[in-house]
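What follows is a single structure, written as structure tokens, with notes after it.
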Amino acid sequence: MEDRITLDHGSGGSMTAELIEEYIIKEFSNEALLARKDGAVVRNLGKEIVMSTDSFVVSPWRFPGGDIGKLSVCGTVNDVLMSGGIPSYLTLSLILEEGFPLADLKQVLQSIKRCAQDAGVQVVCGDTKVVEHGKGDQIYINTCGIGFLKRNLSGQYEEGDLVLLTGSIGRHGAAVYMAREDLPIEGTLTSDCSLLCKEAVAAMEMEGIRILRDPTRGGLATTCIELIEHTSWGMELDETAIPVDEDVQTLCSLLGFDPLYLACEGRMIAIVSAQDAPLLCDRLGKDACVIGTITKQHPGTLLLKTRFQSERWLRKLSGQPLPRIC
């Protein structure tokens with residue numbers, strides 16, 4: 001086999017079969033995948049199913065703290081978790097550009113394999129397509145995640161419910177931008193790209209949990225707005241309680257970004273009763289913190305109490321200051 005992807009790898013013929021056998025099945029061997037069918041038969045699904053699908057077009061495909069393979073698993077697994085499910089299966093579809101090195105493809109597949117093993121999920125079916133050189137950007141990935149419902153997260157808030165965050169914000173967006181622009185900033189600014197399995201399960205076991213969400217595209221501010229828009233509830237955030245790492249803040253100050261709108265790929269927002277919040281914070285670890293409150297005032301809107309003792313109404317992200325970050 002040649003050392004780069006060619007159009008023949010997408011022909012459906014012998015080179016396609018060789019690519020699938022030598023690279024994909026070799027990494028994700030399991031009963032469903034070894035059947036080599038166009039779909040997977042997964043048995044004993046006598047439970048409520050949670051599904052999520054996502055596509056990943058991040059540029060560059062490799063960035064500090066991860067790559068498109070790790071991102072594709074984390075992104076999809078985390079979405080299943082945020083819906084109250086425990087993920088079990090993944091589909092994996094690759095769109096490869098002619099000329100993409102097979103050594104790089106192997107690196108991506110191994111990232112997927114490691115992350116899937118950490119999440120306890122199996123890659124059970126997929127698809128591979130090849131496009132002409134110049135018609136893609138090396139590699140795109142589409143995934144579908146399937147899991148089983150553990151907790152019905154109704155989103156039925158109560159006055160005084162607290163907003164918890166599991167760690168600092170904006171690291172993924174900042175890290176991808178640095179990699180894309182090759183910015184020479186001192187330090188080790190890496191993406192927060194990671195699985196949220198332990199955090200989500202801990203939250204689902206709390207009686208007073210209302211809803212979970214990961215603040216990806218649009219960042220913390222946009223995600224919090226989505227949690228209360230079209231409801232009769234408002235939300236108030238305390239800027240002094242929201243953790244922003246120094247390296248992220250430095251990048252934002254230099255380039256005029258607002259960390260509240262930079263993407264995270266390994267952080268979780270949980271809205272929980274005031275009674276259960278201290279215990280959940282303890283279970284989530286030392287980086288977890290309370291950043292806000294649910295209120296009956298200003299329904300459907302998000303208010304930030306700033307570090308300067310003023311107030312700022314937050315809106316959804318407008319435009320794309322950082323396109324193709326996932």
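Identifiers in the structure tokens: chain A, B, ... in order shown; residue index from 1 per chain; ligand index from 1 in order shown.
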Excluding A:Val244 and its own-chain neighbours fewer than 3 positions away, which residues fall within 8 Å of it when counting only C-alpha atoms? Please give them as a list in words.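 Counting only C-alpha atoms, the residues come to Ser168, Ile169, Gly170, Val248, Gln249 and Pro259 of chain A.
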Nearby residues (only C-alpha atoms) at most 9 Å from A:Cys224, same-chain spacing under 3 positions excluded, as a ChimeraX atom specification: /A:213,215,219-221,227-229,235,269,302
Name the residues in contact with stretch 13-17 of chain A at a cut-off of 12 Å, using only C-alpha atoms, excluding same-chain residues fewer than 5 positions from it; report them as a ChimeraX atom specification. /A:1-2,4-8,22-25,36,96,127-130
Near A:Gln309, within 12 Å and counting only C-alpha atoms, which residues show up once chain neighbours fewer than 2 positions away are dropped, as a PyMOL selection string? chain A and resi 238-240+304-307+311-312
From the options A:Ser154, A:Gln138, A:Ser111, A:Thr231, which residue's atoms come nearest to A:Glu27, counting only C-alpha atoms?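 Under the stated criterion, the closest residue is A:Ser111.
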Tell me which of A:Gly208, A:Gly292, A:Pro323, A:Gly173 sits closest to A:Tyr261, counting only C-alpha atoms.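 Of the candidates, the smallest distance to A:Tyr261 is held by A:Gly173.
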For A:Phe257, which residue among A:Leu317, A:Pro60, A:Tyr89, A:Cys74 is the nearest when counting only C-alpha atoms?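 Going through A:Leu317, A:Pro60, A:Tyr89, A:Cys74 one by one, the smallest distance to A:Phe257 is for A:Leu317.
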Closest of A:Cys197, A:Ile95, A:Ala179, A:Cys252 to A:Ala116 - atom-to-atom distances counting only C-alpha atoms: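 When distances to A:Ala116 are compared using only C-alpha atoms, the smallest one comes from A:Cys197.
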Would you list the contacts of stretch 53-55 of chain A as a PyMOL selection string, taking every protein, DNA or RNA residue within 12 Å and counting only C-alpha atoms, but skipping same-chain residues closer than 6 positions in sequence? chain A and resi 68-69+71-80+89-95+139-147+324-326
Residue contacts of A:Pro278 (12 Å, only C-alpha atoms) excluding same-chain residues fewer than 5 positions away, as a PDB file with all heavy atoms, in the first residue's frame:
ATOM      1  N   ASP A 161     -31.662  27.637  42.337  1.00  0.00           N
ATOM      2  CA  ASP A 161     -30.773  26.597  41.813  1.00  0.00           C
ATOM      3  C   ASP A 161     -29.433  27.223  41.435  1.00  0.00           C
ATOM      4  O   ASP A 161     -29.367  28.388  40.996  1.00  0.00           O
ATOM      5  CB  ASP A 161     -31.379  25.937  40.571  1.00  0.00           C
ATOM      6  CG  ASP A 161     -32.474  24.941  40.907  1.00  0.00           C
ATOM      7  OD1 ASP A 161     -32.629  24.608  42.095  1.00  0.00           O
ATOM      8  OD2 ASP A 161     -33.170  24.491  39.971  1.00  0.00           O
ATOM      9  N   LEU A 162     -28.361  26.455  41.589  1.00  0.00           N
ATOM     10  CA  LEU A 162     -27.020  26.978  41.336  1.00  0.00           C
ATOM     11  C   LEU A 162     -26.443  26.426  40.036  1.00  0.00           C
ATOM     12  O   LEU A 162     -26.750  25.308  39.617  1.00  0.00           O
ATOM     13  CB  LEU A 162     -26.098  26.648  42.501  1.00  0.00           C
ATOM     14  CG  LEU A 162     -26.507  27.263  43.853  1.00  0.00           C
ATOM     15  CD1 LEU A 162     -25.518  26.866  44.947  1.00  0.00           C
ATOM     16  CD2 LEU A 162     -26.608  28.790  43.754  1.00  0.00           C
ATOM     17  N   VAL A 163     -25.590  27.244  39.410  1.00  0.00           N
ATOM     18  CA  VAL A 163     -24.913  26.878  38.160  1.00  0.00           C
ATOM     19  C   VAL A 163     -23.482  26.494  38.492  1.00  0.00           C
ATOM     20  O   VAL A 163     -22.722  27.311  39.018  1.00  0.00           O
ATOM     21  CB  VAL A 163     -24.941  28.043  37.162  1.00  0.00           C
ATOM     22  CG1 VAL A 163     -24.319  27.613  35.827  1.00  0.00           C
ATOM     23  CG2 VAL A 163     -26.370  28.554  36.950  1.00  0.00           C
ATOM     24  N   LEU A 164     -23.116  25.238  38.210  1.00  0.00           N
ATOM     25  CA  LEU A 164     -21.770  24.744  38.488  1.00  0.00           C
ATOM     26  C   LEU A 164     -20.981  24.607  37.195  1.00  0.00           C
ATOM     27  O   LEU A 164     -21.547  24.293  36.136  1.00  0.00           O
ATOM     28  CB  LEU A 164     -21.823  23.384  39.183  1.00  0.00           C
ATOM     29  CG  LEU A 164     -21.941  23.354  40.712  1.00  0.00           C
ATOM     30  CD1 LEU A 164     -23.226  24.038  41.160  1.00  0.00           C
ATOM     31  CD2 LEU A 164     -21.895  21.928  41.217  1.00  0.00           C
ATOM     32  N   ALA A 203     -22.902  13.718  38.448  1.00  0.00           N
ATOM     33  CA  ALA A 203     -24.025  14.658  38.458  1.00  0.00           C
ATOM     34  C   ALA A 203     -25.363  13.939  38.334  1.00  0.00           C
ATOM     35  O   ALA A 203     -26.340  14.277  39.009  1.00  0.00           O
ATOM     36  CB  ALA A 203     -23.868  15.671  37.329  1.00  0.00           C
ATOM     37  N   MET A 206     -27.090  12.722  41.485  1.00  0.00           N
ATOM     38  CA  MET A 206     -27.588  13.683  42.456  1.00  0.00           C
ATOM     39  C   MET A 206     -29.096  13.870  42.286  1.00  0.00           C
ATOM     40  O   MET A 206     -29.580  14.078  41.166  1.00  0.00           O
ATOM     41  CB  MET A 206     -26.886  15.029  42.288  1.00  0.00           C
ATOM     42  CG  MET A 206     -25.372  14.968  42.392  1.00  0.00           C
ATOM     43  SD  MET A 206     -24.776  14.349  43.979  1.00  0.00           S
ATOM     44  CE  MET A 206     -25.404  15.592  45.079  1.00  0.00           C
ATOM     45  N   GLY A 208     -30.928  16.358  43.054  1.00  0.00           N
ATOM     46  CA  GLY A 208     -31.322  17.704  42.653  1.00  0.00           C
ATOM     47  C   GLY A 208     -30.759  18.184  41.336  1.00  0.00           C
ATOM     48  O   GLY A 208     -30.826  19.380  41.029  1.00  0.00           O
ATOM     49  N   VAL A 272     -28.069  22.612  39.407  1.00  0.00           N
ATOM     50  CA  VAL A 272     -28.409  21.694  40.486  1.00  0.00           C
ATOM     51  C   VAL A 272     -29.034  22.482  41.635  1.00  0.00           C
ATOM     52  O   VAL A 272     -28.838  23.695  41.755  1.00  0.00           O
ATOM     53  CB  VAL A 272     -27.132  20.946  40.951  1.00  0.00           C
ATOM     54  CG1 VAL A 272     -26.127  21.908  41.561  1.00  0.00           C
ATOM     55  CG2 VAL A 272     -27.441  19.806  41.902  1.00  0.00           C
ATOM     56  N   SER A 273     -29.805  21.805  42.458  1.00  0.00           N
ATOM     57  CA  SER A 273     -30.416  22.456  43.610  1.00  0.00           C
ATOM     58  C   SER A 273     -29.342  23.010  44.542  1.00  0.00           C
ATOM     59  O   SER A 273     -28.235  22.464  44.633  1.00  0.00           O
ATOM     60  CB  SER A 273     -31.303  21.475  44.377  1.00  0.00           C
ATOM     61  OG  SER A 273     -30.512  20.471  44.996  1.00  0.00           O
ATOM     62  N   ARG A 283     -17.687  16.210  44.648  1.00  0.00           N
ATOM     63  CA  ARG A 283     -17.510  15.023  43.811  1.00  0.00           C
ATOM     64  C   ARG A 283     -16.857  15.351  42.473  1.00  0.00           C
ATOM     65  O   ARG A 283     -16.180  14.501  41.880  1.00  0.00           O
ATOM     66  CB  ARG A 283     -18.860  14.343  43.579  1.00  0.00           C
ATOM     67  CG  ARG A 283     -19.436  13.689  44.830  1.00  0.00           C
ATOM     68  CD  ARG A 283     -20.719  12.948  44.518  1.00  0.00           C
ATOM     69  NE  ARG A 283     -21.252  12.278  45.703  1.00  0.00           N
ATOM     70  CZ  ARG A 283     -22.364  11.557  45.695  1.00  0.00           C
ATOM     71  NH1 ARG A 283     -23.063  11.399  44.573  1.00  0.00           N
ATOM     72  NH2 ARG A 283     -22.786  10.980  46.810  1.00  0.00           N
ATOM     73  N   LEU A 284     -17.059  16.561  41.989  1.00  0.00           N
ATOM     74  CA  LEU A 284     -16.510  16.947  40.691  1.00  0.00           C
ATOM     75  C   LEU A 284     -15.037  17.319  40.758  1.00  0.00           C
ATOM     76  O   LEU A 284     -14.381  17.428  39.728  1.00  0.00           O
ATOM     77  CB  LEU A 284     -17.320  18.116  40.110  1.00  0.00           C
ATOM     78  CG  LEU A 284     -18.758  17.793  39.699  1.00  0.00           C
ATOM     79  CD1 LEU A 284     -19.472  19.047  39.222  1.00  0.00           C
ATOM     80  CD2 LEU A 284     -18.793  16.711  38.621  1.00  0.00           C
ATOM     81  N   GLY A 285     -14.500  17.533  41.946  1.00  0.00           N
ATOM     82  CA  GLY A 285     -13.079  17.808  42.081  1.00  0.00           C
ATOM     83  C   GLY A 285     -12.766  19.260  42.389  1.00  0.00           C
ATOM     84  O   GLY A 285     -13.634  20.130  42.405  1.00  0.00           O
ATOM     85  N   LYS A 286     -11.474  19.508  42.602  1.00  0.00           N
ATOM     86  CA  LYS A 286     -11.028  20.806  43.109  1.00  0.00           C
ATOM     87  C   LYS A 286     -11.267  21.959  42.144  1.00  0.00           C
ATOM     88  O   LYS A 286     -11.322  23.125  42.566  1.00  0.00           O
ATOM     89  CB  LYS A 286      -9.544  20.741  43.448  1.00  0.00           C
ATOM     90  CG  LYS A 286      -8.634  20.429  42.271  1.00  0.00           C
ATOM     91  CD  LYS A 286      -7.175  20.350  42.704  1.00  0.00           C
ATOM     92  CE  LYS A 286      -6.254  20.007  41.533  1.00  0.00           C
ATOM     93  NZ  LYS A 286      -6.261  21.040  40.490  1.00  0.00           N
ATOM     94  N   ALA A 288     -13.972  22.376  40.264  1.00  0.00           N
ATOM     95  CA  ALA A 288     -15.399  22.691  40.134  1.00  0.00           C
ATOM     96  C   ALA A 288     -15.752  23.886  41.007  1.00  0.00           C
ATOM     97  O   ALA A 288     -15.212  24.068  42.095  1.00  0.00           O
ATOM     98  CB  ALA A 288     -16.237  21.481  40.522  1.00  0.00           C
ATOM     99  N   CYS A 289     -16.672  24.700  40.521  1.00  0.00           N
ATOM    100  CA  CYS A 289     -17.046  25.903  41.268  1.00  0.00           C
ATOM    101  C   CYS A 289     -18.467  26.332  40.906  1.00  0.00           C
ATOM    102  O   CYS A 289     -18.997  25.986  39.848  1.00  0.00           O
ATOM    103  CB  CYS A 289     -16.074  27.040  40.978  1.00  0.00           C
ATOM    104  SG  CYS A 289     -15.851  27.392  39.221  1.00  0.00           S
ATOM    105  N   VAL A 290     -19.077  27.076  41.818  1.00  0.00           N
ATOM    106  CA  VAL A 290     -20.387  27.676  41.575  1.00  0.00           C
ATOM    107  C   VAL A 290     -20.158  29.017  40.896  1.00  0.00           C
ATOM    108  O   VAL A 290     -19.414  29.865  41.404  1.00  0.00           O
ATOM    109  CB  VAL A 290     -21.154  27.873  42.896  1.00  0.00           C
ATOM    110  CG1 VAL A 290     -22.464  28.618  42.639  1.00  0.00           C
ATOM    111  CG2 VAL A 290     -21.428  26.528  43.556  1.00  0.00           C
TER     112      VAL A 290
END
Just checking: using only C-alpha atoms, which residue out of A:Val123, A:Ala103, A:Leu34, A:Leu322 ends up closest to A:Leu262?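 Closest residue, counting only C-alpha atoms: A:Leu322.
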Filtered DSSP result for stretch 200-247 of chain A, state strand (DSSP E or B), as a list in words: Ile209, Arg210, Ile211, Leu212, Arg213, Gly234, Met235, Glu236, Leu237 and Asp238 of chain A
Residues of stretch 27-165 of chain A in helix (DSSP H, G or I) according to DSSP, as a PyMOL selection string? chain A and resi 27-28+31-34+68-82+102-119
Taking only C-alpha atoms into account, which of A:Ser83, A:Gln110, A:Ser88, A:Ser318 comes nearest A:Gly218?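 For A:Gly218, the nearest of the candidates is A:Ser318.
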Pairwise distance for atom CA of A:Arg151 and atom CA of A:Ala277, rounded to one decimal in Å: 17.5 Å
If I take atom CA of A:Thr301 and atom CA of A:Glu236, how far is one from the other in Å, to one decimal?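 Interatomic distance here is 8.6 Å.
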